[in-house]
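One structure below.
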Amino acid sequence: MITQDKEKYVVELNLSISYLENLGYSNIKADIEGYDSPKSYHKKGSDIDVTPDIVAEKEGRKHIFDLSLKSQKPRLLKSKWLFLNTLSQIKSYRFRLITTRGHYKFTNETIDAINLDTVKLLKI
């Protein structure tokens, strides 16, 4: 999710964190109060910072999670996902999208639009 939507979807972010804890993920960093913030990446030449929603570890491997929720700025969301997917491939991380009921169609259309077929979806 993009920064403009953070306040709107705090409940979904907390639900996702508890879901990941139940799956056995540890060392969870989230872009929310009460957790350490994941590393941000600054786009050179602009004022845009890209921060993954959740970063966690499981079995010694880092996983990057981003919430896929309906957004007013899908173009910015698409570029964030492409960047996080490329970063995860370079660093041998795993990139996953978390979506909830009511957002499946938006998520699938967005993934198809940017040809991001390798990303796995976690449906909560």
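Just so we're on the same page: first chain in the structure tokens is A, next is B, and so on; residues restart at 1 for each chain, and ligands are numbered from 1 in the order they show up.
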Taking a cut-off of 12 Å and counting only C-alpha atoms, can you build a table that, for each residue of region 70-103 of chain A near region 37-47 of chain A, reports the nearest atom pair and how far apart they are in Å (one decimal), sorted by chain then residue number, as a Markdown table?
| residue | atom | partner | partner_atom | distance |
| --- | --- | --- | --- | --- |
| A:Ser79 | CA | A:Lys43 | CA | 11.2 |
| A:Lys80 | CA | A:Tyr41 | CA | 10.4 |
| A:Phe83 | CA | A:Tyr41 | CA | 9.7 |
| A:Leu84 | CA | A:Tyr41 | CA | 9.9 |
| A:Leu87 | CA | A:Tyr41 | CA | 10.3 |
Those same residues, written as a PDB file, in the first residue's frame with C-alpha atoms?
ATOM      1  CA  SER A  79       5.921   0.978  -9.523  1.00  0.00           C
ATOM      2  CA  LYS A  80       6.392   0.126  -5.833  1.00  0.00           C
ATOM      3  CA  PHE A  83      10.745  -2.151  -7.417  1.00  0.00           C
ATOM      4  CA  LEU A  84      10.200  -4.520  -4.465  1.00  0.00           C
ATOM      5  CA  LEU A  87      14.967  -5.889  -5.137  1.00  0.00           C
TER       6      LEU A  87
END
### Query
Any idea what's packed within 9 Å of region 19-29 of chain A, counting only C-alpha atoms, ignoring anything in its chain fewer than 3 positions away? Could you give it as a ChimeraX atom specification?
/A:14-16,32,35-38,53-59,63,124
### Message
What does the structure give for the distance between CA of Glu33 (chain A) and CA of Ile111 (chain A), in Å to one decimal?
### Response
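Value for the CA of Glu33 (chain A)-CA of Ile111 (chain A) distance: 28.7 Å.
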